[in-house]
>>> print(open('protein-v1.txt').read())   # compact mmCIF, C-alpha atoms and all ligand atoms
# COMPACT_ATOMS: atom_id res chain seq x y z
CA MET A 13 0.00 0.00 0.00
CA LYS A 14 1.42 3.38 -1.00
CA VAL A 15 1.26 5.81 1.88
CA GLY A 16 2.59 9.35 1.84
CA PHE A 17 2.62 12.83 3.26
CA ILE A 18 3.06 16.35 2.00
CA GLN A 19 5.14 18.60 4.24
CA THR A 20 3.78 22.06 3.49
CA SER A 21 4.76 25.69 3.98
CA PRO A 22 1.38 27.44 4.08
CA VAL A 23 0.78 31.16 3.69
CA PHE A 24 -1.38 32.30 6.61
CA GLY A 25 -5.00 32.91 5.68
CA ARG A 26 -4.69 32.03 1.98
CA VAL A 27 -6.90 28.95 2.04
CA GLU A 28 -7.36 28.41 -1.70
CA GLU A 29 -3.67 29.00 -2.40
CA ASN A 30 -2.64 26.52 0.29
CA VAL A 31 -5.06 23.87 -0.97
CA GLU A 32 -3.93 24.35 -4.58
CA ASP A 33 -0.28 24.04 -3.53
CA VAL A 34 -1.10 20.56 -2.19
CA VAL A 35 -3.01 19.67 -5.36
CA ARG A 36 0.02 20.71 -7.44
CA ARG A 37 2.45 18.66 -5.35
CA LEU A 38 0.11 15.68 -5.49
CA ALA A 39 0.33 15.75 -9.30
CA SER A 40 4.12 15.19 -9.27
CA PRO A 41 5.40 11.82 -10.59
CA ARG A 42 6.80 11.09 -7.13
CA MET A 43 3.25 10.83 -5.77
CA ARG A 44 1.94 8.49 -8.46
CA GLY A 45 -0.21 5.68 -7.07
CA VAL A 46 -0.44 7.08 -3.53
CA GLU A 47 -3.40 5.46 -1.76
CA LEU A 48 -3.33 7.25 1.59
CA LEU A 49 -2.08 10.81 1.91
CA VAL A 50 -1.63 12.69 5.18
CA LEU A 51 -1.49 16.50 5.29
CA PRO A 52 -0.45 18.74 8.23
CA GLU A 53 -2.59 20.22 10.99
CA LEU A 54 -4.49 23.39 9.90
CA PHE A 55 -2.89 22.93 6.48
CA SER A 56 -5.25 25.25 4.62
CA THR A 57 -5.25 28.21 7.02
CA GLY A 58 -1.88 28.39 8.76
CA TYR A 59 -1.53 28.18 12.54
CA GLN A 60 -1.18 31.37 14.55
CA PHE A 61 -4.57 33.08 14.72
CA ARG A 62 -4.67 36.48 16.43
CA SER A 63 -8.18 36.10 17.79
CA ARG A 64 -11.20 33.84 17.92
CA LYS A 65 -12.84 36.20 15.44
CA GLU A 66 -10.04 35.72 12.93
CA LEU A 67 -10.12 31.96 13.47
CA SER A 68 -13.87 31.78 13.09
CA GLY A 69 -13.68 33.76 9.84
CA LEU A 70 -11.24 31.25 8.34
CA ALA A 71 -12.80 28.08 9.78
CA GLU A 72 -15.08 25.96 7.63
CA GLU A 73 -18.07 23.75 8.17
CA VAL A 74 -17.58 20.01 7.77
CA PRO A 75 -18.96 18.99 5.38
CA GLY A 76 -19.87 21.98 3.24
CA GLY A 77 -16.69 24.05 3.41
CA TYR A 78 -14.34 24.78 0.54
CA THR A 79 -11.38 22.68 1.71
CA VAL A 80 -13.24 19.42 2.32
CA GLY A 81 -15.10 19.89 -0.98
CA ARG A 82 -11.86 20.33 -2.90
CA LEU A 83 -10.17 17.40 -1.12
CA ALA A 84 -13.18 15.21 -1.98
CA GLU A 85 -12.85 16.18 -5.68
CA ILE A 86 -9.17 15.23 -5.63
CA ALA A 87 -9.78 11.99 -3.70
CA GLY A 88 -12.46 11.05 -6.25
CA ALA A 89 -10.33 11.88 -9.28
CA MET A 90 -7.20 10.13 -7.93
CA ARG A 91 -8.98 7.28 -6.09
CA LEU A 92 -7.17 7.88 -2.81
CA HIS A 93 -7.86 8.64 0.83
CA ILE A 94 -6.71 11.89 2.41
CA VAL A 95 -6.34 12.82 6.08
CA ALA A 96 -6.00 16.58 6.54
CA GLY A 97 -5.99 19.03 9.43
CA ILE A 98 -8.41 21.95 9.13
CA ALA A 99 -10.12 24.59 11.28
CA GLU A 100 -13.71 23.39 11.68
CA ARG A 101 -16.60 25.69 12.55
CA SER A 102 -19.64 24.02 14.11
CA SER A 103 -22.38 26.42 15.28
CA ARG A 104 -20.60 28.76 17.74
CA ARG A 105 -17.57 26.55 18.28
CA VAL A 106 -14.34 26.09 16.36
CA TYR A 107 -12.37 22.85 16.56
CA ASN A 108 -8.86 21.97 15.48
CA SER A 109 -9.96 18.98 13.41
CA ALA A 110 -8.78 16.27 11.06
CA VAL A 111 -10.96 14.98 8.27
CA LEU A 112 -10.78 11.67 6.43
CA VAL A 113 -11.90 12.04 2.84
CA GLY A 114 -12.17 9.17 0.34
CA PRO A 115 -13.22 8.78 -3.28
CA GLY A 116 -16.88 8.95 -2.15
CA GLY A 117 -16.44 12.09 -0.02
CA LEU A 118 -16.16 12.72 3.72
CA LEU A 119 -15.71 9.54 5.80
CA GLY A 120 -14.49 10.71 9.17
CA LEU A 121 -13.90 13.60 11.52
CA TYR A 122 -11.67 13.89 14.57
CA ARG A 123 -11.50 16.98 16.81
CA LYS A 124 -8.17 17.50 18.59
CA ALA A 125 -8.46 16.32 22.18
CA HIS A 126 -5.27 17.78 23.67
CA LEU A 127 -4.96 21.45 22.79
CA PHE A 128 -1.48 22.98 22.87
CA TRP A 129 -0.66 26.34 24.51
CA ASP A 130 -2.63 29.25 22.96
CA GLU A 131 -4.88 26.83 21.10
CA LYS A 132 -6.72 26.67 24.45
CA ARG A 133 -7.73 30.31 24.05
CA LEU A 134 -8.96 29.81 20.49
CA PHE A 135 -10.40 26.34 19.96
CA SER A 136 -12.92 24.21 21.80
CA PRO A 137 -11.44 20.95 23.06
CA GLY A 138 -12.32 17.92 20.96
CA ASP A 139 -15.41 15.87 21.76
CA THR A 140 -15.00 13.03 19.25
CA PRO A 141 -13.70 9.65 20.43
CA PHE A 142 -10.52 8.19 18.93
CA ARG A 143 -12.02 6.06 16.18
CA VAL A 144 -10.74 3.54 13.66
CA TYR A 145 -11.88 3.62 10.02
CA ASP A 146 -11.61 0.74 7.57
CA ILE A 147 -10.50 2.13 4.21
CA GLY A 148 -10.15 -1.22 2.42
CA ARG A 149 -6.41 -1.83 2.36
CA ALA A 150 -5.92 -0.75 5.98
CA ARG A 151 -7.60 0.40 9.15
CA ILE A 152 -6.60 3.89 10.11
CA GLY A 153 -6.94 6.24 13.05
CA MET A 154 -6.38 9.97 13.42
CA MET A 155 -4.72 12.05 16.09
CA ILE A 156 -3.40 15.61 15.85
CA CYS A 157 0.02 16.97 16.78
CA PHE A 158 0.23 17.39 20.61
CA ASP A 159 -1.90 14.26 21.06
CA TRP A 160 1.46 12.48 20.67
CA LEU A 161 2.35 13.40 24.28
CA PHE A 162 -0.60 11.41 25.60
CA PRO A 163 0.18 7.74 24.93
CA GLU A 164 -3.45 6.84 25.60
CA ALA A 165 -4.46 8.34 22.22
CA ALA A 166 -2.28 6.05 20.10
CA ARG A 167 -2.99 3.12 22.47
CA ARG A 168 -6.76 3.53 22.10
CA LEU A 169 -6.45 3.55 18.31
CA ALA A 170 -4.15 0.51 18.34
CA LEU A 171 -6.38 -1.44 20.75
CA ASP A 172 -9.31 -0.73 18.43
CA GLY A 173 -7.41 -2.19 15.49
CA ALA A 174 -5.68 0.71 13.73
CA ASP A 175 -2.85 -0.37 11.40
CA ILE A 176 -1.81 3.19 10.59
CA ILE A 177 -1.97 6.28 12.78
CA CYS A 178 -2.40 9.38 10.65
CA HIS A 179 -0.95 12.35 12.51
CA PRO A 180 -1.42 15.83 11.02
CA SER A 181 0.92 18.16 12.92
CA ASN A 182 2.30 21.69 13.29
CA LEU A 183 5.23 20.82 15.55
CA VAL A 184 7.27 23.49 17.28
CA LEU A 185 8.85 21.48 20.13
CA PRO A 186 11.69 19.13 19.12
CA TYR A 187 10.59 15.88 20.81
CA CYS A 188 7.80 14.43 18.71
CA PRO A 189 9.62 12.76 15.78
CA GLU A 190 11.65 10.59 18.18
CA ALA A 191 8.70 10.05 20.53
CA MET A 192 6.57 8.72 17.68
CA ILE A 193 9.09 5.89 17.28
CA THR A 194 8.09 4.80 20.79
CA ARG A 195 4.38 5.17 19.98
CA THR A 196 4.85 2.79 17.02
CA LEU A 197 6.93 0.28 19.01
CA GLU A 198 4.64 0.10 22.02
CA ASN A 199 1.58 -0.34 19.77
CA ARG A 200 3.10 -2.09 16.75
CA VAL A 201 1.47 0.27 14.27
CA PHE A 202 2.61 2.45 11.40
CA ALA A 203 2.55 6.21 12.00
CA VAL A 204 2.52 8.96 9.39
CA THR A 205 3.33 12.35 10.90
CA ALA A 206 2.77 15.18 8.41
CA ASN A 207 4.29 18.40 9.69
CA ARG A 208 4.85 21.84 8.15
CA VAL A 209 7.90 24.07 7.77
CA GLY A 210 8.40 27.83 7.93
CA SER A 211 7.65 30.31 10.69
CA GLU A 212 4.85 32.60 11.83
CA GLU A 213 4.93 35.62 14.11
CA ARG A 214 1.46 37.01 13.75
CA VAL A 215 1.29 37.61 17.51
CA LYS A 216 3.96 40.06 18.68
CA ASP A 217 6.88 38.47 20.56
CA LYS A 218 5.50 34.97 20.03
CA PRO A 219 7.52 33.67 17.09
CA LEU A 220 6.85 30.10 16.05
CA ARG A 221 9.24 28.02 13.97
CA PHE A 222 7.86 24.74 12.70
CA ILE A 223 10.36 21.89 12.73
CA GLY A 224 9.53 19.88 9.58
CA LEU A 225 10.87 16.31 9.91
CA SER A 226 7.62 14.73 8.75
CA GLN A 227 8.04 10.98 8.78
CA ILE A 228 6.64 7.51 8.27
CA VAL A 229 7.59 4.97 10.95
CA SER A 230 7.03 1.19 10.86
CA PRO A 231 5.61 -1.04 13.63
CA ARG A 232 9.24 -1.95 14.42
CA GLY A 233 10.17 1.65 15.00
CA GLU A 234 12.09 2.01 11.73
CA ILE A 235 12.00 5.45 10.11
CA LEU A 236 10.90 4.52 6.58
CA CYS A 237 11.31 8.11 5.44
CA ARG A 238 11.86 11.46 7.07
CA ALA A 239 11.62 14.90 5.44
CA SER A 240 13.97 17.84 5.94
CA ARG A 241 13.64 20.57 8.58
CA ARG A 242 13.18 23.45 6.16
CA ARG A 243 11.74 22.40 2.79
CA ALA A 244 8.21 21.73 1.65
CA GLU A 245 8.28 18.24 0.17
CA ALA A 246 6.24 15.15 -0.58
CA ARG A 247 7.18 11.54 0.19
CA VAL A 248 5.61 8.15 -0.46
CA VAL A 249 6.60 4.69 0.79
CA ASP A 250 5.25 1.23 0.12
CA ILE A 251 4.06 -0.55 3.25
CA ASP A 252 2.27 -3.77 4.14
CA PRO A 253 -0.45 -2.88 6.69
CA GLU A 254 -0.54 -6.56 7.75
CA GLU A 255 2.77 -5.96 9.54
CA ALA A 256 0.83 -4.00 12.14
CA ARG A 257 -1.44 -6.94 12.95
CA ASN A 258 1.12 -9.20 14.59
CA LYS A 259 1.30 -7.96 18.17
CA ARG A 260 3.76 -10.64 19.29
CA ILE A 261 7.19 -9.25 20.07
CA THR A 262 8.57 -12.70 21.06
CA PRO A 263 6.80 -16.08 20.84
CA LYS A 264 5.85 -15.54 24.50
CA ASN A 265 5.03 -11.81 24.49
CA HIS A 266 1.92 -10.19 23.09
CA ILE A 267 2.04 -6.44 23.60
CA PHE A 268 -1.64 -6.12 24.41
CA ARG A 269 -2.35 -9.38 26.25
CA ASP A 270 0.72 -8.93 28.47
CA ARG A 271 -0.50 -5.62 29.84
CA ARG A 272 -1.12 -5.77 33.58
CA GLU A 273 -4.20 -3.62 33.83
CA ASP A 274 -4.72 -5.03 37.34
CA LEU A 275 -1.53 -3.23 38.45
CA TYR A 276 -1.99 0.09 36.74
C1 LIG B 301 0.76 21.40 18.34
O1 LIG B 301 -0.03 20.63 18.91
N1 LIG B 301 0.41 22.06 17.25
C2 LIG B 301 2.12 21.57 18.85
>>> encode(input="protein-v1.txt", output="structure tokens")
Amino acid sequence: MKVGFIQTSPVFGRVEENVEDVVRRLASPRMRGVELLVLPELFSTGYQFRSRKELSGLAEEVPGGYTVGRLAEIAGAMRLHIVAGIAERSSRRVYNSAVLVGPGGLLGLYRKAHLFWDEKRLFSPGDTPFRVYDIGRARIGMMICFDWLFPEAARRLALDGADIICHPSNLVLPYCPEAMITRTLENRVFAVTANRVGSEERVKDKPLRFIGLSQIVSPRGEILCRASRRRAEARVVDIDPEEARNKRITPKNHIFRDRREDLY
């Protein structure tokens, strides 16, 4: 199964431009045959909103908004599944969300559970459970950026049968790429972390530099590919999702059945 990510460098607030940049990169020969594509957190808007009002003005309804509509067109034309981070408006609330879009349109929605720093001032905390979706070749789950710090998120998805954790991100702290190796080892799943590059300082004296290093990691903790720190780029690798279904680490150790829930 061909699985990939696009590491983007979005221009804040230019939703159509940012979406079309992804569409252009997806058309490159390097991306041919990709079946599951993961895009960064808030990939169509950029990250650092000055106010709730600004955020609400750029957020979109799911379904019905421009970004999900355009992703659905692309997924239909290219027969692939896309996981993408977007700002989602739902009545008076705005969520930092990830959507799963397939050839037939919207399939899934996840609202970020663990909000990072100033996101707490802007977004409502997620209210959707961590859920696994069967997309034919694999079962996938979604979590967003800072969710990586809470091992329960990846564990829940793995216990519910996810083969691949799709992880749209806008990372600014340095720890996540290495930490995701542990998430894959302790759950024996693949993980696709799609991060962005570039910087934003839309709020005075709060500069943010995004660390890049998007990656795909195997259930054995091998980094199958890792992007650069500074460049927008797209990568695809061939994986066998079945590798995530063997939870035995030795003939006598099963990573789920050996858990001692009675002691913790
Ligand atoms: C983050 O959760 N965007 C760091």
>>> residues_near_ligand(input="protein-v1.txt", ligand="ligand LIG 301 (chain B)", cutoff="7 Å", atoms="all atoms listed in the file", output="list in words")
Leu127, Phe128, Ile156, Cys157, Phe158, Asp159, Ser181, Asn182, Leu183, Val184 and Leu185 of chain A
>>> closest_residue(input="protein-v1.txt", among="A:Asp130, A:Thr196, A:Leu220, A:Ala191", to="Arg64 in chain A", atoms="all atoms listed in the file")
A:Asp130
>>> closest_residue(input="protein-v1.txt", among="A:Ile261, A:Ala87, A:Met13, A:Ile18", to="Leu225 in chain A", atoms="only C-alpha atoms")
A:Ile18
>>> closest_residue(input="protein-v1.txt", among="A:Met43, A:Ile223, A:Ala165, A:Cys237", to="Pro186 in chain A", atoms="only C-alpha atoms")
A:Ile223
>>> closest_residue(input="protein-v1.txt", among="A:Tyr187, A:Phe55, A:Phe24, A:Phe142", to="Ala125 in chain A", atoms="only C-alpha atoms")
A:Phe142
>>> closest_residue(input="protein-v1.txt", among="A:Arg44, A:His179, A:Lys124, A:Arg208", to="Ser240 in chain A", atoms="all atoms listed in the file")
A:Arg208
>>> atom_distance(input="protein-v1.txt", atom1="CA of Ile177 in chain A", atom2="CA of Pro231 in chain A")
10.6 Å
>>> closest_residue(input="protein-v1.txt", among="A:Val248, A:Val35, A:Val111, A:Ile147", to="Pro75 in chain A", atoms="all atoms listed in the file")
A:Val111
>>> residues_around(input="protein-v1.txt", residues="Leu70 in chain A", least_positions_apart="6", cutoff="9 Å", atoms="only C-alpha atoms", output="number ranges by chain")
A: 25, 27, 57, 99-101
>>> atom_distance(input="protein-v1.txt", atom1="CA of Val46 in chain A", atom2="CA of Asp146 in chain A")
17.0 Å
>>> atom_distance(input="protein-v1.txt", atom1="CA of Lys65 in chain A", atom2="CA of Leu134 in chain A")
9.0 Å
>>> residues_around(input="protein-v1.txt", residues="Arg257 in chain A", least_positions_apart="6", cutoff="9 Å", atoms="only C-alpha atoms", output="number ranges by chain")
A: 173-175, 200-201
>>> residues_near_point(input="protein-v1.txt", point="(4.6, 10.5, 11.9)", cutoff="9 Å", atoms="only C-alpha atoms", output="JSON, numbers by chain")
{"A": [177, 178, 179, 180, 181, 188, 189, 192, 193, 202, 203, 204, 205, 206, 207, 225, 226, 227, 228, 229, 238]}
